[in-house]
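Student: Sending over a structure as C-alpha cells; questions will come in a sec.
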Amino acid sequence: MDENINLIFSYTRSQAIADGVLIDVTAQAKEAGFKFHPVVTDNLFGSYITPPTGLEGEGQSIEGRLHDVFFGLLAAIRSSKAATDYLELAVMFLMTPGRLERVRIIAVVGPGDHGEPVMTIMLPG
C-alpha cells in the first residue's frame, strides 16, 4: 500500500460476515461443486433465500433455495462464452403458494481479505 495514502476506514469481508451483512454459504456451495468461498448478501438471503412465512408445507427451505441458486449459477457459468468475473442470472422463487417470482441475481468473483478468490452473490443495486 502507498504510504502517502491516509486510510480513513476499511471494512473487511470477514467483518461483514461477522456482522451479518454477508452470509457465509461455503458448506452448501461445496456440495454443489464450488471450490472457493461464496457469500450471499443479507438482502438476498432475507428477501428470497429464506422462504416466506406460509410456505412450510410447500417443500421450501433455505437449503433447497440455495441449491437452486447454486445449480442455476453453475449452469450459467458453464454456458457462458467468455471468461468473466461477473455473471447475471434469473432464478425463480416461490413467494406464496402458486406464485413464482423471477429474480435477477448477480455473482461477482474477486479477491478476499487475503487476495484469495471469493464470490459474492447479490441482488442488483
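Here's how to read the names in the C-alpha cells: chain A, B, ... by the order shown, residue numbers from 1 in each chain, ligand numbers from 1 in the order shown.
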When you look at Ile17 (chain A) with a cut-off of 10 Å (counting only C-alpha atoms), what residues show up, excluding the ones that are within fewer than 6 positions of it in the same chain? I need them as a ChimeraX atom specification.

Tutor: /A:23-24,39-42

Student: Please produce an output containing C-alpha atoms for each residue in the selection, written as a PDB file, in the first residue's frame.

Tutor:
ATOM      1  CA  ILE A  23     -23.944 -14.723   4.864  1.00  0.00           C
ATOM      2  CA  ASP A  24     -21.330 -17.475   4.540  1.00  0.00           C
ATOM      3  CA  VAL A  39     -21.322 -15.466   0.402  1.00  0.00           C
ATOM      4  CA  VAL A  40     -24.769 -14.037  -0.248  1.00  0.00           C
ATOM      5  CA  THR A  41     -25.812 -10.577   0.828  1.00  0.00           C
ATOM      6  CA  ASP A  42     -28.194 -10.246   3.737  1.00  0.00           C
TER       7      ASP A  42
END

Student: Show which residues sit within 8 Å of Arg104 (chain A), as a VMD selection string. Count only C-alpha atoms, and ignore same-chain residues fewer than 6 positions away.

Tutor: chain A and resid 88 to 91 123 to 124

Student: Pull N, CA and C atoms from the residues just selected and write them as an mmCIF file, in the first residue's frame.

Tutor:
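Generated file (part16.cif):
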data_model
loop_
_atom_site.group_PDB
_atom_site.id
_atom_site.type_symbol
_atom_site.label_atom_id
_atom_site.label_comp_id
_atom_site.auth_asym_id
_atom_site.auth_seq_id
_atom_site.Cartn_x
_atom_site.Cartn_y
_atom_site.Cartn_z
ATOM 1 N N GLU A 88 -24.751 -12.536 -14.466
ATOM 2 C CA GLU A 88 -26.135 -12.319 -14.058
ATOM 3 C C GLU A 88 -26.961 -13.522 -14.462
ATOM 4 N N LEU A 89 -27.922 -13.885 -13.626
ATOM 5 C CA LEU A 89 -28.827 -14.974 -13.958
ATOM 6 C C LEU A 89 -30.171 -14.700 -13.310
ATOM 7 N N ALA A 90 -31.181 -15.384 -13.804
ATOM 8 C CA ALA A 90 -32.528 -15.274 -13.243
ATOM 9 C C ALA A 90 -32.850 -16.575 -12.514
ATOM 10 N N VAL A 91 -33.428 -16.435 -11.335
ATOM 11 C CA VAL A 91 -33.843 -17.575 -10.533
ATOM 12 C C VAL A 91 -35.307 -17.375 -10.173
ATOM 13 N N LEU A 123 -28.375 -9.260 -5.044
ATOM 14 C CA LEU A 123 -29.387 -8.657 -5.887
ATOM 15 C C LEU A 123 -28.781 -7.435 -6.574
ATOM 16 N N PRO A 124 -29.320 -7.020 -7.716
ATOM 17 C CA PRO A 124 -28.816 -5.797 -8.345
ATOM 18 C C PRO A 124 -29.003 -4.597 -7.408
#

Student: At a cut-off of 10 Å, using only C-alpha atoms, what residues contact region 56-67 of chain A? Leave out same-chain residues fewer than 3 positions from it and give the result as a count of residues only.

Tutor: 25

Student: I need the residues in chain A that are strand (DSSP E or B) according to DSSP; give them as a PyMOL selection string.

Tutor: chain A and resi 22-24+37-41+86-96+99-111+117-122

Student: Tell me which protein, DNA and RNA residues are within 9 Å of Glu116 (chain A), counting only C-alpha atoms, leaving out same-chain ones fewer than 6 positions away, and put them as a VMD selection string.

Tutor: chain A and resid 36 to 37 110

Student: Keeping only N, CA, C and O atoms, write the selected residues to a file as an mmCIF file, in the first residue's frame.

Tutor:
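Now in again_26.cif:
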data_model
loop_
_atom_site.group_PDB
_atom_site.id
_atom_site.type_symbol
_atom_site.label_atom_id
_atom_site.label_comp_id
_atom_site.auth_asym_id
_atom_site.auth_seq_id
_atom_site.Cartn_x
_atom_site.Cartn_y
_atom_site.Cartn_z
ATOM 1 N N PHE A 36 -14.370 -22.370 -4.082
ATOM 2 C CA PHE A 36 -13.915 -21.247 -3.280
ATOM 3 C C PHE A 36 -15.064 -20.641 -2.490
ATOM 4 O O PHE A 36 -16.208 -21.017 -2.651
ATOM 5 N N HIS A 37 -14.740 -19.708 -1.636
ATOM 6 C CA HIS A 37 -15.611 -19.168 -0.601
ATOM 7 C C HIS A 37 -16.696 -18.234 -1.161
ATOM 8 O O HIS A 37 -16.392 -17.118 -1.544
ATOM 9 N N GLY A 110 -13.998 -12.000 -6.916
ATOM 10 C CA GLY A 110 -12.941 -11.019 -6.698
ATOM 11 C C GLY A 110 -12.027 -11.492 -5.591
ATOM 12 O O GLY A 110 -12.163 -12.608 -5.094
#

Student: Can you work out which one of A:Val103, A:Leu22, A:Ala76, A:Val118 has the shortest atom-to-atom distance to Ser47 (chain A), counting only C-alpha atoms?

Tutor: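 Nearest candidate to Ser47 (chain A) out of A:Val103, A:Leu22, A:Ala76, A:Val118: A:Val103.
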
Student: Suppose you want the space between CA of Gln15 (chain A) and CA of Gly115 (chain A); what is it in Å?

Tutor: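 Going from CA of Gln15 (chain A) over to CA of Gly115 (chain A), I get 15.6 Å.
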
Student: Which one is closest to Asp85 (chain A): A:Val108, A:Leu100, A:Val69, A:Ile8? Count only C-alpha atoms.

Tutor: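 Residue with the minimum atom-to-atom distance to Asp85 (chain A): A:Val108.
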
Student: Tell me which protein, DNA and RNA residues are within 8 Å of Met122 (chain A), counting only C-alpha atoms, leaving out same-chain ones fewer than 3 positions away, and put them as a PDB file with N, CA and C atoms, in the first residue's frame.

Tutor:
ATOM      1  N   VAL A  40     -23.632 -14.758   0.318  1.00  0.00           N
ATOM      2  CA  VAL A  40     -24.769 -14.037  -0.248  1.00  0.00           C
ATOM      3  C   VAL A  40     -25.008 -12.823   0.637  1.00  0.00           C
ATOM      4  N   THR A  41     -25.521 -11.771   0.045  1.00  0.00           N
ATOM      5  CA  THR A  41     -25.812 -10.577   0.828  1.00  0.00           C
ATOM      6  C   THR A  41     -27.011 -10.828   1.728  1.00  0.00           C
ATOM      7  N   ASN A  43     -29.500  -8.967   2.122  1.00  0.00           N
ATOM      8  CA  ASN A  43     -30.721  -8.594   1.404  1.00  0.00           C
ATOM      9  C   ASN A  43     -31.255  -9.770   0.579  1.00  0.00           C
ATOM     10  N   LEU A  44     -30.401 -10.422  -0.192  1.00  0.00           N
ATOM     11  CA  LEU A  44     -30.809 -11.589  -0.967  1.00  0.00           C
ATOM     12  C   LEU A  44     -31.252 -12.711  -0.035  1.00  0.00           C
ATOM     13  N   ILE A 105     -30.214 -12.162 -10.235  1.00  0.00           N
ATOM     14  CA  ILE A 105     -29.142 -12.300  -9.251  1.00  0.00           C
ATOM     15  C   ILE A 105     -27.814 -12.042  -9.952  1.00  0.00           C
ATOM     16  N   ILE A 106     -26.911 -11.428  -9.224  1.00  0.00           N
ATOM     17  CA  ILE A 106     -25.574 -11.135  -9.739  1.00  0.00           C
ATOM     18  C   ILE A 106     -24.555 -11.898  -8.898  1.00  0.00           C
ATOM     19  N   ALA A 107     -23.588 -12.517  -9.564  1.00  0.00           N
ATOM     20  CA  ALA A 107     -22.473 -13.177  -8.890  1.00  0.00           C
ATOM     21  C   ALA A 107     -21.179 -12.521  -9.369  1.00  0.00           C
TER      22      ALA A 107
END

Student: Pull the alpha helix (DSSP H) assignments for chain A out of DSSP run on the backbone, and list those residues as number ranges by chain.

Tutor: A: 13-19, 26-32, 42-44, 62-79

Student: Tell me, as an mmCIF file with C-alpha atoms, in the first residue's frame, which residues lie within 10 Å of Thr84 (chain A), counting only C-alpha atoms; anything in the same chain fewer than 4 positions away does not count.

Tutor:
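Contents of the output file result23.cif:
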data_model
loop_
_atom_site.group_PDB
_atom_site.id
_atom_site.type_symbol
_atom_site.label_atom_id
_atom_site.label_comp_id
_atom_site.auth_asym_id
_atom_site.auth_seq_id
_atom_site.Cartn_x
_atom_site.Cartn_y
_atom_site.Cartn_z
ATOM 1 C CA ILE A 77 -21.100 -20.427 -15.704
ATOM 2 C CA SER A 80 -21.018 -18.535 -20.566
ATOM 3 C CA VAL A 108 -19.092 -11.457 -8.732
ATOM 4 C CA VAL A 109 -15.713 -13.121 -8.176
#
